[in-house]
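Asker: Please find one structure pasted underneath; my questions will follow.
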Amino acid sequence: MKRRVIAVYGGAAVVLAGLITAIPVAANAGSADPGSSNSAAGKLRWTDCATKDYPDLECSKVKVPLDHDKPDGKKITIALSRVEHTADKSQGPLLVNPGGPGGSGLSLAGFVAKSLPKKVASQYDVIGFDPRGVGKSEPALDCKPGHFDPVRPDSVPGSKKDELANVKRAKDFALACGKKHGKLLRHINTVNAVKDMDRIRTALGAKKINYFGYSYGTYLGAVYSKLFPDHVRRAVLDSIVDPDGVWYDDNIGQDYAFEGRQKAFTAWVAKHDADYKLGKDPAVVEKAWYKMRAAVAKKPAGGKVGASELEDTFIPGGYFNGYWPDLAAAFAAFVNDKDTAPLVDAYKSMGAVDAEGDNGYSIYTSVQCRDADWPRDWGTWHRDTETVYKKAPFMAWNNAWYNAPCAFWPVGSQKPLDVSNAKLPPVLLFQATEDAATPYEGGVNMHRKLRDSRLVVEKGGGNHGITLGGNKCLDDHLADYLATGKVPKGKSSGDADATCEKLPDPKPLTPEAAKSAVPAPYGSETAGSGSAELHRLVGNRG
């Protein structure tokens, strides 16, 4: 799950031991599927859509049924991207997904192809796609543009009247979505998205696909594997959704986990008190943060950053500690110098929603509200959120309002699939122990449900999306698996089949960078541990 810097609100060089096996296309994944009405290989027409970062990217589109129970009925369009294999022999298509629900996967294909070792990437057609309703797929959902325009009401209700005002905002969004997209909403869900994926497989002319998903993309991959186990060749799931918690319980689990990540941030700030001068005791730093929150609730910084926007700005720090230096610099400027400009800039960089974010949030709610049952009685939400807030105040109410449209969703909910699976080849799983967006227990649960899967654990790591982020130990496991199908032998400790140490925490900004008017969370200096480019694509808030 992810929320992409509130836009949806939730990815090194690798040394191989020369063990790269090239498999003929016809022998594994490249042959047309004769059982499909859309089976001709090469049916897709690819056009150049290269960017500066991804010069080999090509794009195409495939039509799929809006209702898969009516294959000859109304069609919608799924946008695709590709970096084509360059090796003499191909291991077939590698579909990639950055998460969400609501994340665009078009650029991720370029990132994955660029970040894998060349000998591995060259053997795959790396395929990105925008799931139905997302980005360049048609139609693209946008329920209520400007839903997150500042300044919003404080997420923490100060009175019953305040709470009812936020309830109305959530209900209005749900009603607007039903009014604008009523005929589409019943067809926007994970099951239909994976059926679209199988149509993509057919259009590619492949008997089987390889799959690589982050965050919500891990659930997408697990559901695909459940419905189409014979069509899965290899699968990698990174930062894993707990399939037994979709989606209400998983969101509550996030609240407690993000409390831990926020405390890790304040501890890091306290450790670097010489740079930030906010206190040497994490409790003192935390108190200063809540004092800042109270101040912007009363008088929004720059007229744009109120209490809710402040939370939106700092929540990404729970996804990726490479953001901590910029967040700490903005925090310090506000507290020590009464300077609001860095905080406003940080919000624009990490918290503000644009048109893409409006689309992402519309899909996020559409999928999650349709996938599984949510309480329809607001009293249940209120009681549960109050219980969480007493122990984990940082994100409790903010997260509740983010998901609150599901209490009023205009179409009914379905029952989630049991993704337990004994029919797959070995699946490779990656999970950080301190991941807040998809807590560790979810990875362990998925590991138990997928027979013969292997779990690689980043011990002590707190980032969300950990492979292709600069940890050589993790990336070696990934590259070896994609090259040869090789997985770790078995349990090394506890639930893990293999463990990797986390990367070091980031360092504070240099004085020169700290004076910059515009934070650069995606820049090399502030990326800290891991890849900022990966977290720009995979996003934050899930």
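Residue numbering restarts at 1 for every chain of the structure tokens, chains are lettered A, B, ... in their displayed order, and ligands are numbered from 1 as they appear.
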Skip A:Cys59 itself and residues of its chain fewer than 4 positions away, then list as a PyMOL selection string all residues within 10 Å of it, counting only C-alpha atoms.
Answerer: chain A and resi 44-50+79-83+106+127-129
Asker: For the residues in that selection, give me all heavy atoms as a compact mmCIF listing (two decimals), in the first residue's frame.
Answerer:
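Contents of part-v7.txt, as written:
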```txt
# COMPACT_ATOMS: atom_id res chain seq x y z
N LEU A 44 0.91 -5.74 -30.29
CA LEU A 44 1.02 -4.38 -29.77
C LEU A 44 1.92 -3.53 -30.67
O LEU A 44 2.93 -4.01 -31.18
CB LEU A 44 1.60 -4.41 -28.36
CG LEU A 44 0.74 -5.09 -27.29
CD1 LEU A 44 1.52 -5.23 -26.00
CD2 LEU A 44 -0.55 -4.33 -27.06
N ARG A 45 1.56 -2.28 -30.83
CA ARG A 45 2.38 -1.34 -31.60
C ARG A 45 3.10 -0.42 -30.63
O ARG A 45 2.47 0.34 -29.91
CB ARG A 45 1.50 -0.54 -32.56
CG ARG A 45 2.32 0.34 -33.51
CD ARG A 45 1.43 0.99 -34.56
NE ARG A 45 0.56 2.00 -33.97
CZ ARG A 45 0.90 3.29 -33.83
NH1 ARG A 45 2.09 3.71 -34.22
NH2 ARG A 45 0.06 4.15 -33.30
N TRP A 46 4.40 -0.51 -30.62
CA TRP A 46 5.21 0.26 -29.68
C TRP A 46 5.75 1.52 -30.36
O TRP A 46 6.23 1.47 -31.48
CB TRP A 46 6.38 -0.57 -29.16
CG TRP A 46 5.93 -1.76 -28.36
CD1 TRP A 46 5.75 -3.03 -28.82
CD2 TRP A 46 5.57 -1.77 -26.98
NE1 TRP A 46 5.31 -3.84 -27.81
CE2 TRP A 46 5.19 -3.10 -26.65
CE3 TRP A 46 5.53 -0.80 -25.98
CZ2 TRP A 46 4.78 -3.48 -25.38
CZ3 TRP A 46 5.12 -1.17 -24.70
CH2 TRP A 46 4.75 -2.50 -24.41
N THR A 47 5.66 2.65 -29.64
CA THR A 47 6.19 3.91 -30.14
C THR A 47 7.17 4.49 -29.14
O THR A 47 7.09 4.21 -27.93
CB THR A 47 5.05 4.92 -30.40
OG1 THR A 47 4.35 5.16 -29.16
CG2 THR A 47 4.08 4.41 -31.45
N ASP A 48 8.06 5.30 -29.63
CA ASP A 48 9.08 5.90 -28.77
C ASP A 48 8.44 6.88 -27.78
O ASP A 48 7.68 7.76 -28.17
CB ASP A 48 10.08 6.64 -29.66
CG ASP A 48 11.22 7.26 -28.87
OD1 ASP A 48 11.35 6.94 -27.67
OD2 ASP A 48 11.98 8.06 -29.45
N CYS A 49 8.72 6.69 -26.50
CA CYS A 49 8.28 7.67 -25.49
C CYS A 49 9.43 7.92 -24.52
O CYS A 49 9.24 8.06 -23.32
CB CYS A 49 7.02 7.19 -24.75
SG CYS A 49 7.20 5.62 -23.88
N ALA A 50 10.63 7.97 -25.05
CA ALA A 50 11.84 8.13 -24.25
C ALA A 50 11.83 9.43 -23.47
O ALA A 50 11.26 10.44 -23.88
CB ALA A 50 13.06 8.08 -25.15
N ALA A 79 -2.63 1.70 -20.52
CA ALA A 79 -1.37 2.24 -21.06
C ALA A 79 -0.19 1.36 -20.61
O ALA A 79 -0.11 0.96 -19.45
CB ALA A 79 -1.17 3.67 -20.58
N LEU A 80 0.71 1.11 -21.55
CA LEU A 80 1.87 0.26 -21.30
C LEU A 80 3.16 0.99 -21.62
O LEU A 80 3.19 1.92 -22.42
CB LEU A 80 1.80 -1.00 -22.18
CG LEU A 80 0.54 -1.85 -22.15
CD1 LEU A 80 0.67 -2.99 -23.16
CD2 LEU A 80 0.30 -2.39 -20.77
N SER A 81 4.24 0.54 -20.99
CA SER A 81 5.58 1.00 -21.35
C SER A 81 6.48 -0.22 -21.43
O SER A 81 6.17 -1.29 -20.88
CB SER A 81 6.11 2.01 -20.34
OG SER A 81 6.28 1.40 -19.06
N ARG A 82 7.61 -0.05 -22.09
CA ARG A 82 8.52 -1.19 -22.26
C ARG A 82 9.96 -0.72 -22.44
O ARG A 82 10.22 0.29 -23.10
CB ARG A 82 8.11 -1.99 -23.49
CG ARG A 82 9.03 -3.17 -23.82
CD ARG A 82 8.59 -3.92 -25.06
NE ARG A 82 8.89 -3.21 -26.29
CZ ARG A 82 8.79 -3.74 -27.51
NH1 ARG A 82 8.37 -4.98 -27.66
NH2 ARG A 82 9.08 -3.02 -28.58
N VAL A 83 10.87 -1.46 -21.84
CA VAL A 83 12.27 -1.42 -22.23
C VAL A 83 12.57 -2.82 -22.75
O VAL A 83 12.55 -3.81 -22.00
CB VAL A 83 13.20 -1.06 -21.07
CG1 VAL A 83 14.66 -1.12 -21.52
CG2 VAL A 83 12.88 0.33 -20.54
N LEU A 106 4.46 3.45 -15.56
CA LEU A 106 5.13 3.64 -16.85
C LEU A 106 6.62 3.95 -16.69
O LEU A 106 7.46 3.36 -17.36
CB LEU A 106 4.44 4.73 -17.66
CG LEU A 106 2.95 4.48 -17.98
CD1 LEU A 106 2.40 5.59 -18.86
CD2 LEU A 106 2.76 3.12 -18.65
N ILE A 127 8.17 -4.41 -18.52
CA ILE A 127 6.89 -3.85 -18.91
C ILE A 127 6.25 -3.09 -17.75
O ILE A 127 5.98 -3.67 -16.69
CB ILE A 127 5.90 -4.97 -19.35
CG1 ILE A 127 6.53 -5.87 -20.42
CG2 ILE A 127 4.58 -4.37 -19.81
CD1 ILE A 127 6.79 -5.19 -21.74
N GLY A 128 6.03 -1.80 -17.94
CA GLY A 128 5.28 -1.01 -16.99
C GLY A 128 3.85 -0.84 -17.48
O GLY A 128 3.56 -0.99 -18.67
N PHE A 129 2.95 -0.52 -16.57
CA PHE A 129 1.57 -0.29 -16.99
C PHE A 129 0.86 0.60 -15.98
O PHE A 129 1.20 0.62 -14.80
CB PHE A 129 0.80 -1.61 -17.15
CG PHE A 129 0.68 -2.43 -15.89
CD1 PHE A 129 -0.50 -2.43 -15.15
CD2 PHE A 129 1.72 -3.23 -15.45
CE1 PHE A 129 -0.62 -3.19 -13.98
CE2 PHE A 129 1.62 -4.00 -14.30
CZ PHE A 129 0.44 -3.97 -13.56
```
Asker: Please provide as a PyMOL selection string all residues within 12 Å of A:Val156, with the sequence filter that same-chain residues fewer than 3 positions apart are discarded (counting only C-alpha atoms).
Answerer: chain A and resi 152-153+159-166+293-294+297+306-308+311+382+385-386+389-390+393-401
Asker: Would you mind listing what lies within 8 Å of A:Ala404 as a ChimeraX atom specification, with only C-alpha atoms counted and same-chain residues fewer than 5 positions away left out?
Answerer: /A:167,170-171
Asker: Can I get the residues of stretch 203-291 of chain A within 12 Å of stretch 466-478 of chain A, each with the closest pair of atoms and their distance in Å to one decimal, using only C-alpha atoms, sorted chain first then ascending number, as a Markdown table?
Answerer:
```
| residue | atom | partner | partner_atom | distance |
| --- | --- | --- | --- | --- |
| A:Phe212 | CA | A:Leu478 | CA | 10.0 |
| A:Gly213 | CA | A:Thr467 | CA | 10.5 |
| A:Tyr214 | CA | A:Ile466 | CA | 8.9 |
| A:Ser215 | CA | A:Ile466 | CA | 10.3 |
| A:Arg234 | CA | A:Leu478 | CA | 11.2 |
| A:Ala235 | CA | A:Leu478 | CA | 10.4 |
| A:Val236 | CA | A:Leu478 | CA | 7.9 |
| A:Leu237 | CA | A:Thr467 | CA | 9.8 |
| A:Asp238 | CA | A:Ile466 | CA | 6.9 |
| A:Ser239 | CA | A:Ile466 | CA | 7.3 |
| A:Ile240 | CA | A:Ile466 | CA | 10.9 |
```
Asker: Taking the chain letters and numbering used in this document, name the residues of stretch 184-264 of chain A that DSSP puts in strand (DSSP E or B), as a ChimeraX atom specification.
Answerer: /A:209-214,232-238
Asker: Hey, which of A:Lys423, A:His181, A:Lys263, A:Lys298 ends up closest to A:Trp324? Count only C-alpha atoms.
Answerer: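 The shortest atom-to-atom distance to A:Trp324 comes from A:Lys263.
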Asker: Identify which of the residues A:Ser137, A:Ser366, A:Asn403, A:Asn421 lies closest to A:Gly105, counting only C-alpha atoms when measuring atom-to-atom distances.
Answerer: A:Ser137
Asker: From the list A:Val284, A:Tyr224, A:Gly490, A:Tyr323, which residue is nearest A:Asp452 when using only C-alpha atoms?
Answerer: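 Counting only C-alpha atoms, the residue closest to A:Asp452 is A:Gly490.
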Asker: Please determine, counting only C-alpha atoms, which residue among A:Asn321, A:Ser122, A:Ser90, A:Thr77 has the shortest atom-to-atom distance to A:Pro506.
Answerer: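 Looking only at the distances to A:Pro506, the closest residue turns out to be A:Asn321.
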Asker: I'd like the contact shell of A:Pro488 - 7 Å cut-off, only C-alpha atoms, skipping same-chain residues fewer than 6 positions apart - returned as number ranges by chain.
Answerer: A: 454, 497-498
Asker: By how many Å are atom CA of A:Tyr319 and atom CA of A:Val344 apart?
Answerer: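 Computing the Euclidean distance for atom CA of A:Tyr319 and atom CA of A:Val344 yields 20.0 Å.
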Asker: Which residues, written as a list in words, have at least one atom at most 8 Å from A:Pro405, with only C-alpha atoms counted and residues fewer than 3 positions away on the same chain left out?
Answerer: Ala170, Lys171, Phe173, Ala174, Thr365, Cys369, Trp401, Tyr402, Phe408 and Trp409 of chain A
Asker: Atoms to include: N, CA, C and O atoms. Write the selected residues as a PDB file, in the first residue's frame.
Answerer:
```pdb
ATOM      1  N   ALA A 170     -15.459  13.913   3.553  1.00  0.00           N
ATOM      2  CA  ALA A 170     -15.267  12.548   3.075  1.00  0.00           C
ATOM      3  C   ALA A 170     -16.501  12.055   2.318  1.00  0.00           C
ATOM      4  O   ALA A 170     -16.385  11.434   1.252  1.00  0.00           O
ATOM      5  N   LYS A 171     -17.661  12.337   2.885  1.00  0.00           N
ATOM      6  CA  LYS A 171     -18.907  11.903   2.241  1.00  0.00           C
ATOM      7  C   LYS A 171     -19.105  12.603   0.905  1.00  0.00           C
ATOM      8  O   LYS A 171     -19.507  11.976  -0.089  1.00  0.00           O
ATOM      9  N   PHE A 173     -16.811  13.662  -1.082  1.00  0.00           N
ATOM     10  CA  PHE A 173     -15.897  13.071  -2.064  1.00  0.00           C
ATOM     11  C   PHE A 173     -16.484  11.774  -2.623  1.00  0.00           C
ATOM     12  O   PHE A 173     -16.477  11.538  -3.840  1.00  0.00           O
ATOM     13  N   ALA A 174     -17.001  10.920  -1.740  1.00  0.00           N
ATOM     14  CA  ALA A 174     -17.580   9.650  -2.183  1.00  0.00           C
ATOM     15  C   ALA A 174     -18.767   9.880  -3.108  1.00  0.00           C
ATOM     16  O   ALA A 174     -18.905   9.218  -4.151  1.00  0.00           O
ATOM     17  N   THR A 365      -9.002   5.284  -3.386  1.00  0.00           N
ATOM     18  CA  THR A 365     -10.271   5.050  -2.698  1.00  0.00           C
ATOM     19  C   THR A 365     -11.141   4.067  -3.486  1.00  0.00           C
ATOM     20  O   THR A 365     -11.761   3.168  -2.889  1.00  0.00           O
ATOM     21  N   CYS A 369     -12.030   0.807  -1.396  1.00  0.00           N
ATOM     22  CA  CYS A 369     -13.421   0.770  -0.939  1.00  0.00           C
ATOM     23  C   CYS A 369     -14.190  -0.374  -1.589  1.00  0.00           C
ATOM     24  O   CYS A 369     -15.139  -0.897  -1.001  1.00  0.00           O
ATOM     25  N   TRP A 401      -9.124  10.035   7.996  1.00  0.00           N
ATOM     26  CA  TRP A 401      -9.800  10.894   7.022  1.00  0.00           C
ATOM     27  C   TRP A 401      -9.397  10.523   5.601  1.00  0.00           C
ATOM     28  O   TRP A 401     -10.211  10.649   4.670  1.00  0.00           O
ATOM     29  N   TYR A 402      -8.179  10.051   5.429  1.00  0.00           N
ATOM     30  CA  TYR A 402      -7.746   9.672   4.093  1.00  0.00           C
ATOM     31  C   TYR A 402      -8.590   8.524   3.555  1.00  0.00           C
ATOM     32  O   TYR A 402      -8.885   8.447   2.359  1.00  0.00           O
ATOM     33  N   PHE A 408     -18.750   5.738   3.049  1.00  0.00           N
ATOM     34  CA  PHE A 408     -19.898   6.257   2.298  1.00  0.00           C
ATOM     35  C   PHE A 408     -19.837   5.875   0.821  1.00  0.00           C
ATOM     36  O   PHE A 408     -20.521   6.471   0.004  1.00  0.00           O
ATOM     37  N   TRP A 409     -19.014   4.884   0.475  1.00  0.00           N
ATOM     38  CA  TRP A 409     -18.771   4.578  -0.931  1.00  0.00           C
ATOM     39  C   TRP A 409     -20.072   4.185  -1.628  1.00  0.00           C
ATOM     40  O   TRP A 409     -20.875   3.415  -1.089  1.00  0.00           O
TER      41      TRP A 409
END
```
Asker: Could you find all residues in stretch 26-196 of chain A that DSSP calls helix (DSSP H, G or I) from the backbone, and write them as a VMD selection string?
Answerer: chain A and resid 26 to 27 106 to 115 118 to 121 160 to 185 190 to 196
Asker: Go ahead and save the residues from that selection, with N, CA and C atoms, as a short mmCIF file (atom, residue, chain, number, x, y, z; two decimals), in the first residue's frame.
Answerer:
```
data_model
loop_
_atom_site.label_atom_id
_atom_site.label_comp_id
_atom_site.auth_asym_id
_atom_site.auth_seq_id
_atom_site.Cartn_x
_atom_site.Cartn_y
_atom_site.Cartn_z
N ALA A 26 11.02 -19.38 -26.76
CA ALA A 26 10.03 -20.41 -27.05
C ALA A 26 9.95 -21.46 -25.96
N ALA A 27 11.01 -21.57 -25.14
CA ALA A 27 11.02 -22.60 -24.12
C ALA A 27 10.31 -22.20 -22.85
N LEU A 106 4.46 3.45 -15.56
CA LEU A 106 5.13 3.64 -16.85
C LEU A 106 6.62 3.95 -16.69
N SER A 107 6.95 4.87 -15.79
CA SER A 107 8.37 5.22 -15.59
C SER A 107 9.11 4.13 -14.84
N LEU A 108 8.40 3.35 -14.03
CA LEU A 108 9.07 2.31 -13.25
C LEU A 108 9.77 1.29 -14.15
N ALA A 109 9.20 1.03 -15.32
CA ALA A 109 9.86 0.11 -16.25
C ALA A 109 11.26 0.62 -16.60
N GLY A 110 11.38 1.93 -16.86
CA GLY A 110 12.68 2.50 -17.16
C GLY A 110 13.63 2.41 -15.99
N PHE A 111 13.11 2.68 -14.79
CA PHE A 111 13.95 2.63 -13.60
C PHE A 111 14.48 1.21 -13.34
N VAL A 112 13.59 0.23 -13.41
CA VAL A 112 14.00 -1.14 -13.15
C VAL A 112 15.03 -1.60 -14.17
N ALA A 113 14.77 -1.31 -15.45
CA ALA A 113 15.70 -1.72 -16.49
C ALA A 113 17.07 -1.06 -16.31
N LYS A 114 17.06 0.18 -15.85
CA LYS A 114 18.31 0.92 -15.64
C LYS A 114 19.04 0.45 -14.38
N SER A 115 18.29 0.02 -13.36
CA SER A 115 18.89 -0.26 -12.05
C SER A 115 19.35 -1.69 -11.89
N LYS A 118 23.13 -4.92 -15.99
CA LYS A 118 22.85 -4.96 -17.43
C LYS A 118 22.67 -6.37 -17.95
N LYS A 119 23.46 -7.32 -17.43
CA LYS A 119 23.36 -8.70 -17.91
C LYS A 119 22.00 -9.31 -17.57
N VAL A 120 21.40 -8.83 -16.49
CA VAL A 120 20.08 -9.33 -16.09
C VAL A 120 18.99 -8.58 -16.84
N ALA A 121 19.03 -7.25 -16.80
CA ALA A 121 17.99 -6.45 -17.45
C ALA A 121 17.90 -6.76 -18.93
N LYS A 160 -17.11 18.05 18.30
CA LYS A 160 -17.98 17.23 17.48
C LYS A 160 -18.28 17.94 16.16
N LYS A 161 -18.43 19.25 16.23
CA LYS A 161 -18.70 20.04 15.02
C LYS A 161 -17.54 19.91 14.04
N ASP A 162 -16.31 19.98 14.55
CA ASP A 162 -15.13 19.85 13.68
C ASP A 162 -15.10 18.46 13.03
N GLU A 163 -15.41 17.46 13.82
CA GLU A 163 -15.39 16.10 13.29
C GLU A 163 -16.44 15.93 12.19
N LEU A 164 -17.62 16.44 12.41
CA LEU A 164 -18.69 16.32 11.43
C LEU A 164 -18.35 17.08 10.14
N ALA A 165 -17.58 18.16 10.26
CA ALA A 165 -17.15 18.88 9.06
C ALA A 165 -16.24 18.01 8.20
N ASN A 166 -15.34 17.25 8.84
CA ASN A 166 -14.47 16.34 8.09
C ASN A 166 -15.24 15.14 7.56
N VAL A 167 -16.23 14.68 8.32
CA VAL A 167 -17.10 13.60 7.83
C VAL A 167 -17.79 14.05 6.55
N LYS A 168 -18.26 15.29 6.54
CA LYS A 168 -18.94 15.81 5.36
C LYS A 168 -17.99 15.86 4.16
N ARG A 169 -16.74 16.27 4.39
CA ARG A 169 -15.76 16.31 3.30
C ARG A 169 -15.57 14.92 2.70
N ALA A 170 -15.46 13.91 3.55
CA ALA A 170 -15.27 12.55 3.07
C ALA A 170 -16.50 12.05 2.32
N LYS A 171 -17.66 12.34 2.89
CA LYS A 171 -18.91 11.90 2.24
C LYS A 171 -19.10 12.60 0.91
N ASP A 172 -18.80 13.89 0.86
CA ASP A 172 -18.93 14.64 -0.40
C ASP A 172 -18.02 14.07 -1.48
N PHE A 173 -16.81 13.66 -1.08
CA PHE A 173 -15.90 13.07 -2.06
C PHE A 173 -16.48 11.77 -2.62
N ALA A 174 -17.00 10.92 -1.74
CA ALA A 174 -17.58 9.65 -2.18
C ALA A 174 -18.77 9.88 -3.11
N LEU A 175 -19.62 10.83 -2.75
CA LEU A 175 -20.79 11.12 -3.57
C LEU A 175 -20.38 11.70 -4.93
N ALA A 176 -19.36 12.55 -4.92
CA ALA A 176 -18.87 13.12 -6.18
C ALA A 176 -18.31 12.02 -7.08
N CYS A 177 -17.63 11.05 -6.48
CA CYS A 177 -17.07 9.95 -7.27
C CYS A 177 -18.19 9.12 -7.89
N GLY A 178 -19.25 8.86 -7.12
CA GLY A 178 -20.37 8.11 -7.64
C GLY A 178 -21.10 8.84 -8.74
N LYS A 179 -21.26 10.14 -8.57
CA LYS A 179 -21.96 10.94 -9.57
C LYS A 179 -21.18 11.03 -10.87
N LYS A 180 -19.87 11.17 -10.76
CA LYS A 180 -19.04 11.37 -11.94
C LYS A 180 -18.66 10.07 -12.63
N HIS A 181 -18.44 9.02 -11.84
CA HIS A 181 -17.91 7.77 -12.39
C HIS A 181 -18.75 6.56 -12.00
N GLY A 182 -20.03 6.76 -11.75
CA GLY A 182 -20.87 5.69 -11.22
C GLY A 182 -20.83 4.40 -12.02
N LYS A 183 -20.77 4.50 -13.35
CA LYS A 183 -20.79 3.31 -14.19
C LYS A 183 -19.45 2.56 -14.18
N LEU A 184 -18.42 3.23 -13.70
CA LEU A 184 -17.09 2.62 -13.70
C LEU A 184 -16.73 2.00 -12.35
N LEU A 185 -17.23 2.57 -11.26
CA LEU A 185 -16.71 2.24 -9.94
C LEU A 185 -16.81 0.76 -9.58
N THR A 190 -9.04 -4.67 -7.40
CA THR A 190 -7.81 -5.43 -7.62
C THR A 190 -8.03 -6.62 -8.55
N VAL A 191 -9.13 -7.34 -8.39
CA VAL A 191 -9.38 -8.51 -9.22
C VAL A 191 -9.44 -8.14 -10.69
N ASN A 192 -10.14 -7.05 -11.01
CA ASN A 192 -10.19 -6.63 -12.42
C ASN A 192 -8.83 -6.16 -12.91
N ALA A 193 -8.06 -5.52 -12.04
CA ALA A 193 -6.72 -5.08 -12.44
C ALA A 193 -5.83 -6.27 -12.81
N VAL A 194 -5.94 -7.37 -12.06
CA VAL A 194 -5.10 -8.53 -12.38
C VAL A 194 -5.63 -9.26 -13.63
N LYS A 195 -6.93 -9.20 -13.86
CA LYS A 195 -7.44 -9.75 -15.12
C LYS A 195 -6.93 -8.93 -16.31
N ASP A 196 -6.81 -7.63 -16.10
CA ASP A 196 -6.18 -6.79 -17.13
C ASP A 196 -4.73 -7.22 -17.36
#
```
Asker: Env of A:Val538: 7 Å cut, atoms = only C-alpha atoms, seq-sep filter 3 positions within chain, self excluded. Answer as a list in words.
Answerer: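 The contact residues come out as Gly11, Pro98, Gly99, Leu534 and His535 of chain A.
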Asker: Suppose we keep all heavy atoms; can you now write the selection as a PDB file, in the first residue's frame?
Answerer:
```
ATOM      1  N   GLY A  11      12.023   1.496  -6.161  1.00  0.00           N
ATOM      2  CA  GLY A  11      13.054   1.100  -5.862  1.00  0.00           C
ATOM      3  C   GLY A  11      14.115   1.011  -5.147  1.00  0.00           C
ATOM      4  O   GLY A  11      13.962   1.031  -4.067  1.00  0.00           O
ATOM      5  N   PRO A  98       4.470  -0.142  -9.133  1.00  0.00           N
ATOM      6  CA  PRO A  98       5.019   0.611  -8.009  1.00  0.00           C
ATOM      7  C   PRO A  98       4.134   0.669  -6.778  1.00  0.00           C
ATOM      8  O   PRO A  98       4.533   1.217  -5.759  1.00  0.00           O
ATOM      9  CB  PRO A  98       5.166   2.015  -8.594  1.00  0.00           C
ATOM     10  CG  PRO A  98       4.000   2.126  -9.528  1.00  0.00           C
ATOM     11  CD  PRO A  98       3.832   0.748 -10.131  1.00  0.00           C
ATOM     12  N   GLY A  99       2.900   0.162  -6.865  1.00  0.00           N
ATOM     13  CA  GLY A  99       2.032   0.184  -5.699  1.00  0.00           C
ATOM     14  C   GLY A  99       0.865   1.127  -5.837  1.00  0.00           C
ATOM     15  O   GLY A  99       0.451   1.514  -6.915  1.00  0.00           O
ATOM     16  N   LEU A 534      14.003   5.849  -6.575  1.00  0.00           N
ATOM     17  CA  LEU A 534      13.060   4.767  -6.317  1.00  0.00           C
ATOM     18  C   LEU A 534      11.855   5.269  -5.547  1.00  0.00           C
ATOM     19  O   LEU A 534      10.706   4.974  -5.881  1.00  0.00           O
ATOM     20  CB  LEU A 534      13.745   3.650  -5.526  1.00  0.00           C
ATOM     21  CG  LEU A 534      12.828   2.608  -4.892  1.00  0.00           C
ATOM     22  CD1 LEU A 534      12.122   1.808  -5.972  1.00  0.00           C
ATOM     23  CD2 LEU A 534      13.608   1.685  -3.983  1.00  0.00           C
ATOM     24  N   HIS A 535      12.089   6.049  -4.503  1.00  0.00           N
ATOM     25  CA  HIS A 535      10.984   6.482  -3.654  1.00  0.00           C
ATOM     26  C   HIS A 535      10.147   7.569  -4.305  1.00  0.00           C
ATOM     27  O   HIS A 535       8.995   7.763  -3.924  1.00  0.00           O
ATOM     28  CB  HIS A 535      11.523   6.899  -2.279  1.00  0.00           C
ATOM     29  CG  HIS A 535      11.985   5.709  -1.492  1.00  0.00           C
ATOM     30  ND1 HIS A 535      13.252   5.195  -1.644  1.00  0.00           N
ATOM     31  CD2 HIS A 535      11.337   4.905  -0.621  1.00  0.00           C
ATOM     32  CE1 HIS A 535      13.364   4.134  -0.868  1.00  0.00           C
ATOM     33  NE2 HIS A 535      12.237   3.932  -0.249  1.00  0.00           N
TER      34      HIS A 535
END
```
Asker: What is the distance between atom CA of A:Pro145 and atom CA of A:Gly133, in Å to one decimal?
Answerer: 15.0 Å
